[in-house]
Amino acid sequence: MFKALVICWALFAAPVLAQEKSFTLQAPSAFKDSGFLRYLLPRFSLKTGTKVYLLQGGAQARFGAEGTPVFREGARLWRFASGGHPAAERFEIWLLSDTGKLTIEEFAPNGIAVFQAKIETAAVAKPKPLTGDAALGARVSLEKCGRCHVVHESNRMKAIGSTPSFALMRNFKDWRRRYEAFYLLNPHPAFTQVFEVTDPFAAHLPSPIVPIEVSLDEIAAIVAYVATIQPADLGSPIQSQ
């Protein structure tokens with residue numbers, strides 16, 4: 001019986017784990033024709049172990065006019081939309097990291113850089129000061145989020161390896177917005193309840209795991225804690241010969 005359960009788990013878990021380490025990407029033909037993707041994607045895959053498969057349409061993520069600004073080509077601003085896929089979000093983090101930016105700007109097939117990774121953005125309103133209790137946030141993060149994410153060293157061997165760590169996600173430029181509204185971002189709505197904010201789970205759509213129940217004060221504490229985390233070092237760009 002136990003052996004049968006193990007086999008069943010392997011059959012169902014393997015595709016899920018594979019999806020966490022790969023994603024499909026749609027990109028402009030010019031990116032393919034210029035050799036940019038042949039240059040960029042293997043470097044990302046080598047750094048992260050994440051595979052990227054190109055599709056003409058219906059992909060999980062895409063380069064285009066929508067999403068997060070990632071680099072310029074002359075006057076044109078290219079954006080990347082991850083579609084909320086964990087592996088694609090990992091690619092977005094890498095594109096925005098110092099390593100990713102250097103890799104992008106080193107693409108110069110004719111000796112001239114094609115893309116500029118430094119994105120000038122319009123001035124934005126000063127963010128509101130953090131009001132949460134960082135010490136409480138550390139405890140809540142470990143209790144509520146530690147089953148999936150590496151929160152800090154104490155649960156490094158207890159989290160899901162394919163789920164991005166807090167330190168890795170700290171590289172997102174909009175990390176604060178993501179944490180403040182994490183319960184709205186997939187896959188969290190399926191198993192997260194925020195007191196006096198979210199509606200109860202529908203009777204026909206119960207939480208697939210033990211639900212995460214959290215208050216707005218606890219979310220503020222988590223954000224305050226994450227602000228103290230040093231962003232993960234994504235390494236130096238690959239040096240081509």
# chains A, B, ... in the order shown; residues from 1 in each chain; ligands from 1
$ closest_atom_pairs --of "region 96-196 of chain A" --to "region 209-213 of chain A" --cutoff "10 Å" --atoms "only C-alpha atoms" --output "JSON lines"
{"residue": "A:Glu143", "atom": "CA", "partner": "A:Ile212", "partner_atom": "CA", "distance": 9.4}
{"residue": "A:Lys144", "atom": "CA", "partner": "A:Ile212", "partner_atom": "CA", "distance": 6.2}
{"residue": "A:Cys145", "atom": "CA", "partner": "A:Ile212", "partner_atom": "CA", "distance": 8.4}
{"residue": "A:Tyr183", "atom": "CA", "partner": "A:Ile212", "partner_atom": "CA", "distance": 9.5}
{"residue": "A:His188", "atom": "CA", "partner": "A:Ile212", "partner_atom": "CA", "distance": 8.8}
{"residue": "A:Pro189", "atom": "CA", "partner": "A:Ile212", "partner_atom": "CA", "distance": 9.8}
{"residue": "A:Ala190", "atom": "CA", "partner": "A:Pro211", "partner_atom": "CA", "distance": 8.5}
{"residue": "A:Phe191", "atom": "CA", "partner": "A:Pro211", "partner_atom": "CA", "distance": 4.8}
{"residue": "A:Thr192", "atom": "CA", "partner": "A:Ile212", "partner_atom": "CA", "distance": 4.7}
{"residue": "A:Gln193", "atom": "CA", "partner": "A:Glu213", "partner_atom": "CA", "distance": 4.8}
{"residue": "A:Val194", "atom": "CA", "partner": "A:Glu213", "partner_atom": "CA", "distance": 5.9}
{"residue": "A:Phe195", "atom": "CA", "partner": "A:Glu213", "partner_atom": "CA", "distance": 7.2}
$ residues_around --residues "Thr103 (chain A)" --least-positions-apart "3" --cutoff "12 Å" --atoms "only C-alpha atoms" --output "JSON, numbers by chain"
{"A": [36, 37, 39, 40, 41, 42, 43, 44, 47, 71, 94, 95, 96, 97, 98, 99, 100, 106, 107, 108, 113, 114, 115, 116, 117, 235, 236, 237, 238, 239, 240]}
$ closest_residue --among "A:Val197, A:Ala134, A:Leu184, A:Ala75" --to "Val226 (chain A)" --atoms "only C-alpha atoms"
A:Ala134
$ residues_around --residues "Ala227 (chain A)" --least-positions-apart "3" --cutoff "10 Å" --atoms "only C-alpha atoms" --output "PDB file with C-alpha atoms, in the first residue's frame"
ATOM      1  CA  LEU A 130       6.736  50.987   7.501  1.00  0.00           C
ATOM      2  CA  ALA A 134       9.679  43.479  12.263  1.00  0.00           C
ATOM      3  CA  ARG A 170      13.629  40.874  -2.056  1.00  0.00           C
ATOM      4  CA  TRP A 175       8.768  43.716  -3.485  1.00  0.00           C
ATOM      5  CA  ARG A 176       6.792  45.781  -0.974  1.00  0.00           C
ATOM      6  CA  ALA A 221       4.694  43.087  10.298  1.00  0.00           C
ATOM      7  CA  ILE A 222       5.807  40.711   7.529  1.00  0.00           C
ATOM      8  CA  VAL A 223       6.553  43.671   5.238  1.00  0.00           C
ATOM      9  CA  ALA A 224       8.571  45.362   7.992  1.00  0.00           C
ATOM     10  CA  GLN A 230      19.481  41.530   2.491  1.00  0.00           C
ATOM     11  CA  PRO A 231      18.536  40.723  -1.134  1.00  0.00           C
TER      12      PRO A 231
END
$ residues_around --residues "His152 (chain A)" --least-positions-apart "2" --cutoff "12 Å" --atoms "only C-alpha atoms" --output "VMD selection string"
chain A and resid 138 to 139 141 to 143 145 to 150 154 to 159 164 to 168 225 to 226 228 to 232
$ atom_distance --atom1 "CA of Arg178 (chain A)" --atom2 "CA of Gln56 (chain A)"
29.2 Å
$ atom_distance --atom1 "CA of Ser34 (chain A)" --atom2 "CA of Gly83 (chain A)"
25.1 Å
$ closest_residue --among "A:Val214, A:Ala181, A:Ala30, A:Val70" --to "Glu105 (chain A)" --atoms "only C-alpha atoms"
A:Val70
$ select_by_dssp --residues "region 90-221 of chain A" --states "alpha helix (DSSP H)" --output "PyMOL selection string"
chain A and resi 90-96+98-105+134-140+166-169+175-180+216-221
$ write_last_selection --atoms "C-alpha atoms" --output "PDB file, in the first residue's frame"
ATOM      1  CA  ARG A  90      12.388  33.962 -11.195  1.00  0.00           C
ATOM      2  CA  PHE A  91      13.371  35.091 -14.706  1.00  0.00           C
ATOM      3  CA  GLU A  92      11.971  38.568 -14.008  1.00  0.00           C
ATOM      4  CA  ILE A  93      14.015  38.817 -10.806  1.00  0.00           C
ATOM      5  CA  TRP A  94      17.122  37.839 -12.750  1.00  0.00           C
ATOM      6  CA  LEU A  95      16.454  40.342 -15.555  1.00  0.00           C
ATOM      7  CA  LEU A  96      16.216  43.159 -12.996  1.00  0.00           C
ATOM      8  CA  ASP A  98      22.731  43.522 -11.578  1.00  0.00           C
ATOM      9  CA  THR A  99      23.758  40.215 -13.130  1.00  0.00           C
ATOM     10  CA  GLY A 100      20.825  40.221 -15.523  1.00  0.00           C
ATOM     11  CA  LYS A 101      21.353  43.850 -16.511  1.00  0.00           C
ATOM     12  CA  LEU A 102      25.028  43.302 -17.269  1.00  0.00           C
ATOM     13  CA  THR A 103      24.181  40.211 -19.287  1.00  0.00           C
ATOM     14  CA  ILE A 104      21.593  42.138 -21.316  1.00  0.00           C
ATOM     15  CA  GLU A 105      23.939  45.039 -22.023  1.00  0.00           C
ATOM     16  CA  ALA A 134       9.679  43.479  12.263  1.00  0.00           C
ATOM     17  CA  ALA A 135      10.273  41.048  15.137  1.00  0.00           C
ATOM     18  CA  LEU A 136       6.651  39.928  14.975  1.00  0.00           C
ATOM     19  CA  GLY A 137       6.974  39.754  11.194  1.00  0.00           C
ATOM     20  CA  ALA A 138       9.894  37.341  11.471  1.00  0.00           C
ATOM     21  CA  ARG A 139       7.823  34.994  13.632  1.00  0.00           C
ATOM     22  CA  VAL A 140       4.688  35.283  11.496  1.00  0.00           C
ATOM     23  CA  PHE A 166      12.289  35.681   0.808  1.00  0.00           C
ATOM     24  CA  ALA A 167      15.829  36.874   0.062  1.00  0.00           C
ATOM     25  CA  LEU A 168      15.416  36.100  -3.627  1.00  0.00           C
ATOM     26  CA  MET A 169      12.073  37.912  -3.854  1.00  0.00           C
ATOM     27  CA  TRP A 175       8.768  43.716  -3.485  1.00  0.00           C
ATOM     28  CA  ARG A 176       6.792  45.781  -0.974  1.00  0.00           C
ATOM     29  CA  ARG A 177       3.669  45.861  -3.138  1.00  0.00           C
ATOM     30  CA  ARG A 178       3.933  42.125  -3.723  1.00  0.00           C
ATOM     31  CA  TYR A 179       4.166  41.342  -0.019  1.00  0.00           C
ATOM     32  CA  GLU A 180       1.426  43.769   0.978  1.00  0.00           C
ATOM     33  CA  LEU A 216      -3.609  43.094   8.157  1.00  0.00           C
ATOM     34  CA  ASP A 217      -1.424  43.905  11.169  1.00  0.00           C
ATOM     35  CA  GLU A 218       0.468  40.653  10.632  1.00  0.00           C
ATOM     36  CA  ILE A 219       0.925  41.479   6.939  1.00  0.00           C
ATOM     37  CA  ALA A 220       2.334  44.890   7.920  1.00  0.00           C
ATOM     38  CA  ALA A 221       4.694  43.087  10.298  1.00  0.00           C
TER      39      ALA A 221
END
$ select_by_dssp --residues "region 1-237 of chain A" --states "strand (DSSP E or B)" --output "PyMOL selection string"
chain A and resi 22-26+51-54+61-64+68-73+76-81+116+192-194+212-214
$ decode --residues "region 193-226 of chain A" --atoms "N, CA and C atoms" --output "PDB file, in the first residue's frame"
ATOM      1  N   GLN A 193      -6.675  33.349   3.909  1.00  0.00           N
ATOM      2  CA  GLN A 193      -7.782  34.147   4.421  1.00  0.00           C
ATOM      3  C   GLN A 193      -7.210  35.315   5.224  1.00  0.00           C
ATOM      4  N   VAL A 194      -7.624  36.527   4.874  1.00  0.00           N
ATOM      5  CA  VAL A 194      -7.218  37.721   5.616  1.00  0.00           C
ATOM      6  C   VAL A 194      -8.432  38.203   6.398  1.00  0.00           C
ATOM      7  N   PHE A 195      -8.294  38.279   7.701  1.00  0.00           N
ATOM      8  CA  PHE A 195      -9.415  38.649   8.559  1.00  0.00           C
ATOM      9  C   PHE A 195     -10.027  39.982   8.124  1.00  0.00           C
ATOM     10  N   GLU A 196     -11.348  39.982   7.957  1.00  0.00           N
ATOM     11  CA  GLU A 196     -12.136  41.164   7.616  1.00  0.00           C
ATOM     12  C   GLU A 196     -11.786  41.749   6.247  1.00  0.00           C
ATOM     13  N   VAL A 197     -11.121  40.948   5.409  1.00  0.00           N
ATOM     14  CA  VAL A 197     -10.774  41.416   4.060  1.00  0.00           C
ATOM     15  C   VAL A 197     -11.277  40.442   3.000  1.00  0.00           C
ATOM     16  N   THR A 198     -10.854  39.199   3.076  1.00  0.00           N
ATOM     17  CA  THR A 198     -11.225  38.226   2.053  1.00  0.00           C
ATOM     18  C   THR A 198     -12.533  37.525   2.408  1.00  0.00           C
ATOM     19  N   ASP A 199     -13.230  37.072   1.375  1.00  0.00           N
ATOM     20  CA  ASP A 199     -14.456  36.301   1.580  1.00  0.00           C
ATOM     21  C   ASP A 199     -14.104  34.869   1.965  1.00  0.00           C
ATOM     22  N   PRO A 200     -15.000  34.190   2.673  1.00  0.00           N
ATOM     23  CA  PRO A 200     -14.755  32.775   2.993  1.00  0.00           C
ATOM     24  C   PRO A 200     -14.627  31.958   1.709  1.00  0.00           C
ATOM     25  N   PHE A 201     -13.944  30.823   1.802  1.00  0.00           N
ATOM     26  CA  PHE A 201     -13.823  29.941   0.646  1.00  0.00           C
ATOM     27  C   PHE A 201     -15.210  29.451   0.232  1.00  0.00           C
ATOM     28  N   ALA A 202     -15.420  29.360  -1.065  1.00  0.00           N
ATOM     29  CA  ALA A 202     -16.680  28.813  -1.567  1.00  0.00           C
ATOM     30  C   ALA A 202     -16.792  27.349  -1.155  1.00  0.00           C
ATOM     31  N   ALA A 203     -18.016  26.904  -0.910  1.00  0.00           N
ATOM     32  CA  ALA A 203     -18.232  25.532  -0.443  1.00  0.00           C
ATOM     33  C   ALA A 203     -17.671  24.502  -1.416  1.00  0.00           C
ATOM     34  N   HIS A 204     -17.736  24.807  -2.716  1.00  0.00           N
ATOM     35  CA  HIS A 204     -17.256  23.847  -3.714  1.00  0.00           C
ATOM     36  C   HIS A 204     -15.774  24.041  -4.045  1.00  0.00           C
ATOM     37  N   LEU A 205     -15.130  25.044  -3.403  1.00  0.00           N
ATOM     38  CA  LEU A 205     -13.706  25.290  -3.641  1.00  0.00           C
ATOM     39  C   LEU A 205     -12.979  25.462  -2.305  1.00  0.00           C
ATOM     40  N   PRO A 206     -12.921  24.407  -1.514  1.00  0.00           N
ATOM     41  CA  PRO A 206     -12.222  24.513  -0.229  1.00  0.00           C
ATOM     42  C   PRO A 206     -10.718  24.660  -0.442  1.00  0.00           C
ATOM     43  N   SER A 207     -10.029  25.122   0.580  1.00  0.00           N
ATOM     44  CA  SER A 207      -8.576  25.252   0.492  1.00  0.00           C
ATOM     45  C   SER A 207      -7.946  23.884   0.274  1.00  0.00           C
ATOM     46  N   PRO A 208      -6.997  23.767  -0.660  1.00  0.00           N
ATOM     47  CA  PRO A 208      -6.360  22.467  -0.924  1.00  0.00           C
ATOM     48  C   PRO A 208      -5.372  22.057   0.169  1.00  0.00           C
ATOM     49  N   ILE A 209      -4.987  23.007   1.026  1.00  0.00           N
ATOM     50  CA  ILE A 209      -4.074  22.724   2.134  1.00  0.00           C
ATOM     51  C   ILE A 209      -4.645  23.375   3.393  1.00  0.00           C
ATOM     52  N   VAL A 210      -3.973  23.174   4.514  1.00  0.00           N
ATOM     53  CA  VAL A 210      -4.389  23.863   5.734  1.00  0.00           C
ATOM     54  C   VAL A 210      -4.322  25.361   5.464  1.00  0.00           C
ATOM     55  N   PRO A 211      -5.426  26.087   5.594  1.00  0.00           N
ATOM     56  CA  PRO A 211      -5.446  27.501   5.196  1.00  0.00           C
ATOM     57  C   PRO A 211      -4.470  28.359   6.000  1.00  0.00           C
ATOM     58  N   ILE A 212      -3.978  29.394   5.350  1.00  0.00           N
ATOM     59  CA  ILE A 212      -3.196  30.422   6.030  1.00  0.00           C
ATOM     60  C   ILE A 212      -4.172  31.515   6.448  1.00  0.00           C
ATOM     61  N   GLU A 213      -4.234  31.801   7.728  1.00  0.00           N
ATOM     62  CA  GLU A 213      -5.106  32.849   8.247  1.00  0.00           C
ATOM     63  C   GLU A 213      -4.232  33.948   8.830  1.00  0.00           C
ATOM     64  N   VAL A 214      -4.427  35.165   8.338  1.00  0.00           N
ATOM     65  CA  VAL A 214      -3.537  36.257   8.707  1.00  0.00           C
ATOM     66  C   VAL A 214      -4.332  37.550   8.813  1.00  0.00           C
ATOM     67  N   SER A 215      -3.859  38.476   9.628  1.00  0.00           N
ATOM     68  CA  SER A 215      -4.509  39.781   9.775  1.00  0.00           C
ATOM     69  C   SER A 215      -3.709  40.839   9.023  1.00  0.00           C
ATOM     70  N   LEU A 216      -4.320  42.004   8.821  1.00  0.00           N
ATOM     71  CA  LEU A 216      -3.609  43.094   8.157  1.00  0.00           C
ATOM     72  C   LEU A 216      -2.418  43.559   8.991  1.00  0.00           C
ATOM     73  N   ASP A 217      -2.552  43.532  10.310  1.00  0.00           N
ATOM     74  CA  ASP A 217      -1.424  43.905  11.169  1.00  0.00           C
ATOM     75  C   ASP A 217      -0.266  42.926  10.995  1.00  0.00           C
ATOM     76  N   GLU A 218      -0.590  41.649  10.834  1.00  0.00           N
ATOM     77  CA  GLU A 218       0.468  40.653  10.632  1.00  0.00           C
ATOM     78  C   GLU A 218       1.129  40.839   9.266  1.00  0.00           C
ATOM     79  N   ILE A 219       0.340  41.208   8.256  1.00  0.00           N
ATOM     80  CA  ILE A 219       0.925  41.479   6.939  1.00  0.00           C
ATOM     81  C   ILE A 219       1.869  42.678   7.022  1.00  0.00           C
ATOM     82  N   ALA A 220       1.459  43.721   7.740  1.00  0.00           N
ATOM     83  CA  ALA A 220       2.334  44.890   7.920  1.00  0.00           C
ATOM     84  C   ALA A 220       3.617  44.486   8.634  1.00  0.00           C
ATOM     85  N   ALA A 221       3.510  43.562   9.580  1.00  0.00           N
ATOM     86  CA  ALA A 221       4.694  43.087  10.298  1.00  0.00           C
ATOM     87  C   ALA A 221       5.608  42.297   9.364  1.00  0.00           C
ATOM     88  N   ILE A 222       5.015  41.475   8.494  1.00  0.00           N
ATOM     89  CA  ILE A 222       5.807  40.711   7.529  1.00  0.00           C
ATOM     90  C   ILE A 222       6.579  41.660   6.616  1.00  0.00           C
ATOM     91  N   VAL A 223       5.905  42.702   6.128  1.00  0.00           N
ATOM     92  CA  VAL A 223       6.553  43.671   5.238  1.00  0.00           C
ATOM     93  C   VAL A 223       7.715  44.356   5.957  1.00  0.00           C
ATOM     94  N   ALA A 224       7.503  44.720   7.220  1.00  0.00           N
ATOM     95  CA  ALA A 224       8.571  45.362   7.992  1.00  0.00           C
ATOM     96  C   ALA A 224       9.756  44.420   8.163  1.00  0.00           C
ATOM     97  N   TYR A 225       9.466  43.139   8.359  1.00  0.00           N
ATOM     98  CA  TYR A 225      10.556  42.162   8.490  1.00  0.00           C
ATOM     99  C   TYR A 225      11.302  41.990   7.173  1.00  0.00           C
ATOM    100  N   VAL A 226      10.567  41.856   6.076  1.00  0.00           N
ATOM    101  CA  VAL A 226      11.205  41.650   4.772  1.00  0.00           C
ATOM    102  C   VAL A 226      12.105  42.835   4.421  1.00  0.00           C
TER     103      VAL A 226
END
